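Structure file upload_18.txt with compact mmCIF, C-alpha atoms:
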# COMPACT_ATOMS: atom_id res chain seq x y z
CA MET G 27 24.04 10.68 11.85
CA THR G 28 20.42 11.86 12.13
CA ARG G 29 19.37 9.80 9.10
CA LEU G 30 20.97 6.70 10.62
CA MET G 31 19.17 7.31 13.92
CA ASP G 32 15.87 7.82 12.10
CA TRP G 33 16.42 4.61 10.15
CA LEU G 34 17.28 2.63 13.29
CA HIS G 35 14.22 4.03 15.06
CA GLU G 36 11.96 3.09 12.13
CA GLN G 37 13.40 -0.44 12.11
CA ALA G 38 12.83 -0.83 15.85
CA VAL G 39 9.26 0.50 15.66
CA PHE G 40 8.39 -1.79 12.78
CA LEU G 41 9.85 -4.86 14.48
CA SER G 42 7.99 -4.12 17.72
CA ARG G 43 4.67 -3.71 15.84
CA PHE G 44 5.35 -6.96 13.97
CA LEU G 45 5.90 -8.80 17.25
CA ILE G 46 2.59 -7.46 18.57
CA SER G 47 0.58 -8.31 15.43
CA PRO G 48 2.49 -10.42 12.87
CA GLY G 49 -0.63 -11.32 10.86
CA GLN G 50 -1.40 -7.65 10.22
CA ILE G 51 2.14 -6.27 9.77
CA GLY G 52 3.45 -9.12 7.62
CA SER G 53 7.21 -8.44 7.84
CA VAL G 54 9.92 -7.80 10.40
CA ALA G 55 11.25 -4.76 8.51
CA PRO G 56 9.74 -1.80 6.64
CA SER G 57 9.96 -1.65 2.85
CA SER G 58 13.41 -0.86 1.47
CA ARG G 59 14.12 2.21 -0.63
CA GLU G 60 14.44 -0.08 -3.69
CA LEU G 61 11.02 -1.60 -3.07
CA ALA G 62 9.40 1.79 -2.48
CA GLU G 63 10.93 3.16 -5.69
CA THR G 64 9.73 0.11 -7.65
CA MET G 65 6.21 0.65 -6.28
CA VAL G 66 5.90 4.30 -7.34
CA LYS G 67 7.86 4.20 -10.61
CA PRO G 68 5.07 2.74 -12.85
CA VAL G 69 2.62 5.48 -11.86
CA ALA G 70 1.98 8.22 -14.45
CA TRP G 71 1.97 10.89 -11.72
CA GLU G 72 1.01 13.72 -14.08
CA HIS G 73 -2.39 12.00 -14.53
CA ILE G 74 -2.97 10.93 -10.92
CA LYS G 75 -5.46 13.06 -9.00
CA THR G 76 -6.47 10.48 -6.36
CA ILE G 77 -4.44 7.68 -4.80
CA ALA G 78 -4.67 5.44 -1.75
CA GLU G 79 -1.95 3.51 0.02
CA LEU G 80 -3.14 0.41 1.86
CA GLY G 81 -0.93 -0.81 4.70
CA ALA G 82 1.11 2.39 4.92
CA GLY G 83 3.04 1.15 7.98
CA THR G 84 5.86 3.50 8.96
CA GLY G 85 5.56 5.49 5.73
CA ALA G 86 8.46 3.89 3.84
CA ILE G 87 6.48 4.04 0.58
CA THR G 88 4.46 7.11 1.60
CA ARG G 89 7.67 9.19 1.51
CA HIS G 90 8.12 8.28 -2.15
CA ILE G 91 4.46 8.98 -2.91
CA GLN G 92 4.86 12.41 -1.33
CA SER G 93 7.94 13.12 -3.48
CA ALA G 94 6.26 12.00 -6.71
CA ALA G 95 2.65 13.18 -6.31
CA GLY G 96 1.46 16.52 -7.63
CA VAL G 97 0.49 19.28 -5.20
CA ASP G 98 -3.20 18.76 -6.02
CA THR G 99 -3.13 14.96 -5.70
CA ARG G 100 -5.47 13.66 -3.00
CA VAL G 101 -3.71 10.96 -0.96
CA LEU G 102 -5.51 8.59 1.41
CA LEU G 103 -3.49 6.41 3.76
CA PHE G 104 -4.78 3.23 5.37
CA GLU G 105 -3.14 1.59 8.38
CA LYS G 106 -4.80 -0.69 10.94
CA ASP G 107 -2.12 -0.48 13.62
CA PRO G 108 -3.17 2.44 15.88
CA TYR G 109 0.38 3.46 16.82
CA LEU G 110 1.60 3.48 13.21
CA ARG G 111 -1.57 5.29 12.08
CA ARG G 112 -1.02 8.02 14.70
CA LYS G 113 2.59 8.45 13.51
CA LEU G 114 1.44 8.68 9.88
CA LYS G 115 -1.06 11.40 10.83
CA GLU G 116 1.73 13.34 12.55
CA ARG G 117 4.15 12.97 9.65
CA TYR G 118 1.61 13.52 6.86
CA PRO G 119 -1.05 15.87 8.28
CA HIS G 120 -2.11 16.93 4.77
CA TYR G 121 -3.14 13.33 3.91
CA SER G 122 -6.32 11.65 5.10
CA CYS G 123 -5.62 8.60 7.24
CA TYR G 124 -8.01 5.71 7.85
CA THR G 125 -8.07 2.36 9.58
CA ASP G 126 -9.27 -0.31 7.22
CA GLY G 127 -8.98 -0.89 3.48
CA SER G 128 -11.81 -3.41 3.62
CA HIS G 129 -14.15 -0.39 3.88
CA LEU G 130 -12.44 1.63 1.16
CA ARG G 131 -15.61 2.84 -0.60
CA LEU G 132 -17.12 4.08 2.66
CA PHE G 133 -14.06 6.26 3.30
CA LEU G 134 -14.04 7.48 -0.31
CA LYS G 135 -17.62 8.63 0.18
CA GLN G 136 -16.58 10.47 3.37
CA GLU G 137 -13.88 12.21 1.33
CA GLY G 138 -16.40 13.18 -1.37
CA LEU G 139 -14.62 10.99 -3.93
CA GLU G 140 -16.23 8.62 -6.41
CA SER G 141 -13.15 6.63 -7.37
CA LEU G 142 -9.37 6.45 -7.26
CA ASP G 143 -6.84 6.65 -10.08
CA CYS G 144 -4.38 4.39 -8.30
CA ILE G 145 -4.10 2.14 -5.25
CA ILE G 146 -0.73 1.11 -3.86
CA SER G 147 -0.73 -1.77 -1.41
CA GLY G 148 1.70 -3.19 1.09
CA LEU G 149 -0.96 -5.41 2.66
CA PRO G 150 0.22 -8.95 3.47
CA PHE G 151 -2.72 -10.55 1.63
CA PHE G 152 -1.58 -14.11 2.14
CA ASN G 153 -1.63 -13.63 5.93
CA PHE G 154 -5.37 -12.93 5.78
CA PRO G 155 -8.18 -15.49 5.66
CA GLN G 156 -9.61 -15.92 2.16
CA TYR G 157 -12.83 -14.05 2.99
CA VAL G 158 -10.79 -11.00 4.09
CA ARG G 159 -8.69 -11.14 0.92
CA ASP G 160 -11.87 -11.38 -1.16
CA ARG G 161 -13.46 -8.42 0.62
CA ILE G 162 -10.39 -6.19 0.20
CA ILE G 163 -9.93 -7.10 -3.48
CA THR G 164 -13.64 -6.42 -4.10
CA GLU G 165 -13.30 -3.00 -2.46
CA ILE G 166 -10.17 -2.21 -4.48
CA VAL G 167 -11.80 -3.14 -7.79
CA ALA G 168 -14.95 -1.14 -6.98
CA ALA G 169 -12.95 1.89 -5.79
CA LEU G 170 -10.71 2.16 -8.88
CA ASN G 171 -11.80 4.18 -11.88
CA LYS G 172 -12.14 2.34 -15.21
CA ASP G 173 -8.44 2.73 -16.06
CA GLY G 174 -7.29 2.41 -12.45
CA LEU G 175 -3.88 1.12 -11.54
CA PHE G 176 -3.30 -1.31 -8.67
CA ILE G 177 0.28 -1.85 -7.51
CA ALA G 178 0.93 -4.34 -4.73
CA PHE G 179 3.96 -6.05 -3.32
CA GLN G 180 3.93 -9.56 -1.94
CA TYR G 181 6.60 -11.93 -0.68
CA SER G 182 5.47 -14.75 -2.97
CA GLN G 183 3.44 -15.21 -6.14
CA GLN G 184 0.55 -16.94 -4.34
CA MET G 185 -1.83 -14.02 -5.00
CA LYS G 186 -1.20 -14.02 -8.75
CA LYS G 187 -4.20 -16.21 -9.62
CA GLN G 188 -6.66 -14.10 -7.61
CA LEU G 189 -5.24 -10.85 -9.00
CA MET G 190 -5.59 -12.18 -12.58
CA GLU G 191 -9.32 -12.67 -11.99
CA HIS G 192 -9.82 -8.91 -11.51
CA PHE G 193 -6.85 -7.21 -13.16
CA ASP G 194 -4.67 -7.30 -16.23
CA ILE G 195 -1.19 -7.85 -14.82
CA ILE G 196 1.06 -5.47 -16.73
CA ASN G 197 4.26 -6.55 -15.06
CA ILE G 198 5.72 -8.38 -12.08
CA HIS G 199 9.01 -6.98 -10.78
CA PHE G 200 11.24 -8.97 -8.45
CA VAL G 201 12.97 -6.78 -5.84
CA PRO G 202 15.82 -8.70 -4.18
CA LYS G 203 17.02 -5.67 -2.17
CA ASN G 204 14.29 -5.93 0.43
CA PHE G 205 13.91 -8.07 3.53
CA PRO G 206 12.40 -10.40 2.62
CA PRO G 207 12.74 -10.05 -1.17
CA ALA G 208 9.44 -9.04 -2.78
CA PHE G 209 7.39 -9.23 -5.96
CA VAL G 210 5.73 -6.04 -7.18
CA TYR G 211 2.54 -6.60 -9.17
CA VAL G 212 1.64 -3.76 -11.53
CA CYS G 213 -2.00 -4.27 -12.50
CA ARG G 214 -4.72 -2.43 -14.36
CA LYS G 215 -8.41 -2.86 -13.65
CA LYS G 216 -10.01 -5.20 -16.19
CA GLN G 217 -12.48 -3.64 -18.58
CA ILE G 218 -15.90 -5.27 -18.46
Just give me the structure as structure tokens.
Amino acid sequence: MTRLMDWLHEQAVFLSRFLISPGQIGSVAPSSRELAETMVKPVAWEHIKTIAELGAGTGAITRHIQSAAGVDTRVLLFEKDPYLRRKLKERYPHYSCYTDGSHLRLFLKQEGLESLDCIISGLPFFNFPQYVRDRIITEIVAALNKDGLFIAFQYSQQMKKQLMEHFDIINIHFVPKNFPPAFVYVCRKKQI
């Protein structure tokens, strides 16, 4: 019964935050278990020392990161919504939590990190103006190490062209058991 109550509470919180700021939240419901599992499955966790999650929301994917990550893995969470960010800090006090992925390198510097092994993103890129998308993608590319992995879900394939400019797309998984159904892009930073 407690799990059901927790799930209902998470759904209600997410919907209320969506109604306040639909352009930033991007969906009426948090990521499903199937989507979260699809996001973390391609990561070679035994080699991951640093990872960031952009658009952590209610922590639907963060829970799976916590289960998969090694004890020494540094995890940075990014969430713009102040209420959701405060809840993430309470639930994951051992993770660093920041406001804005468009300043990713600045926060890495504050953490004493040069780069990240992996970035997982739930950001609703297509809701953002093009200049915001460009800025965030530039920050992601610059923050990833040379073999860095970028995994992002989207509700359409409209970002595919922009992602292909900066990443080698390893795979695109369709996840129908999510509301709405989602595409998971598994990308590796292009070698220059």
Handout entry: Residues near region 187-191 of chain G, cut-off 9 Å, only C-alpha atoms, skip fewer than 6 positions along chain, as a list in words
Key = Asp160, Ile163, Tyr211, Cys213 and Lys216 of chain G
Exercise for the section: Go through G:Arg89, G:His192, G:Lys106, G:Arg111 and flag the residue nearest Ala62 (chain G), using all atoms listed in the file for the distances. Expected result: G:Arg89
Practice task
Go through G:Gln136, G:Thr99, G:Gln180, G:Asn171 one by one, measure the shortest atom-to-atom distance of each to Gly148 (chain G) using all atoms listed in the file, and give the residue with the smallest value.
Solution key: G:Gln180
Handout entry: Contacts of region 112-114 of chain G within 12 Å, all atoms listed in the file, excl. fewer than 3 positions in-chain, as a PyMOL selection string
Key = chain G and resi 36+39-40+79+81-89+102-109+117-125
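Of the listed residues (G:Leu175, G:Ile218, G:Gln156, G:Pro150), G:Leu175 comes nearest to His73 (chain G); the distances count all atoms listed in the file.
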Problem - G:Leu134, G:Tyr181, G:Lys115, G:Pro68 ranked by distance to Ile196 (chain G), top pick (using all atoms listed in the file) - result: G:Pro68
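When CA of Ser182 (chain G) is paired with CA of Phe209 (chain G), their separation reads 6.6 Å.
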Exercise: Val210 (chain G) partners within 10 Å, only C-alpha atoms, chain neighbours under 4 positions left out, as a PDB file with C-alpha atoms, in the coordinates of the input:
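Output (part03.pdb):
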ATOM      1  CA  LEU G  61      11.020  -1.600  -3.070  1.00  0.00           C
ATOM      2  CA  ALA G  62       9.400   1.790  -2.480  1.00  0.00           C
ATOM      3  CA  THR G  64       9.730   0.110  -7.650  1.00  0.00           C
ATOM      4  CA  MET G  65       6.210   0.650  -6.280  1.00  0.00           C
ATOM      5  CA  SER G 147      -0.730  -1.770  -1.410  1.00  0.00           C
ATOM      6  CA  GLY G 148       1.700  -3.190   1.090  1.00  0.00           C
ATOM      7  CA  ILE G 177       0.280  -1.850  -7.510  1.00  0.00           C
ATOM      8  CA  ALA G 178       0.930  -4.340  -4.730  1.00  0.00           C
ATOM      9  CA  PHE G 179       3.960  -6.050  -3.320  1.00  0.00           C
ATOM     10  CA  GLN G 180       3.930  -9.560  -1.940  1.00  0.00           C
ATOM     11  CA  TYR G 181       6.600 -11.930  -0.680  1.00  0.00           C
ATOM     12  CA  SER G 182       5.470 -14.750  -2.970  1.00  0.00           C
ATOM     13  CA  GLN G 183       3.440 -15.210  -6.140  1.00  0.00           C
ATOM     14  CA  ASN G 197       4.260  -6.550 -15.060  1.00  0.00           C
ATOM     15  CA  ILE G 198       5.720  -8.380 -12.080  1.00  0.00           C
ATOM     16  CA  HIS G 199       9.010  -6.980 -10.780  1.00  0.00           C
ATOM     17  CA  PHE G 200      11.240  -8.970  -8.450  1.00  0.00           C
ATOM     18  CA  VAL G 201      12.970  -6.780  -5.840  1.00  0.00           C
TER      19      VAL G 201
END
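Atom pair CA of Ala169 (chain G) / CA of Pro207 (chain G): separated by 28.7 Å.
Separating CA of Arg214 (chain G) from CA of Ile195 (chain G) is a distance of 6.5 Å.
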Exercise for the section: Would you mind telling me which residue in G:Val69, G:Leu80, G:Val212, G:Leu110 lies nearest to Ala95 (chain G) when using all atoms listed in the file? Expected result: G:Val69
Practice task
Name the closest residue to Asp143 (chain G) among the candidates G:Lys75, G:His90, G:His129, G:Lys67; distances are taken between atoms, counting only C-alpha atoms.
Solution key: G:Lys75
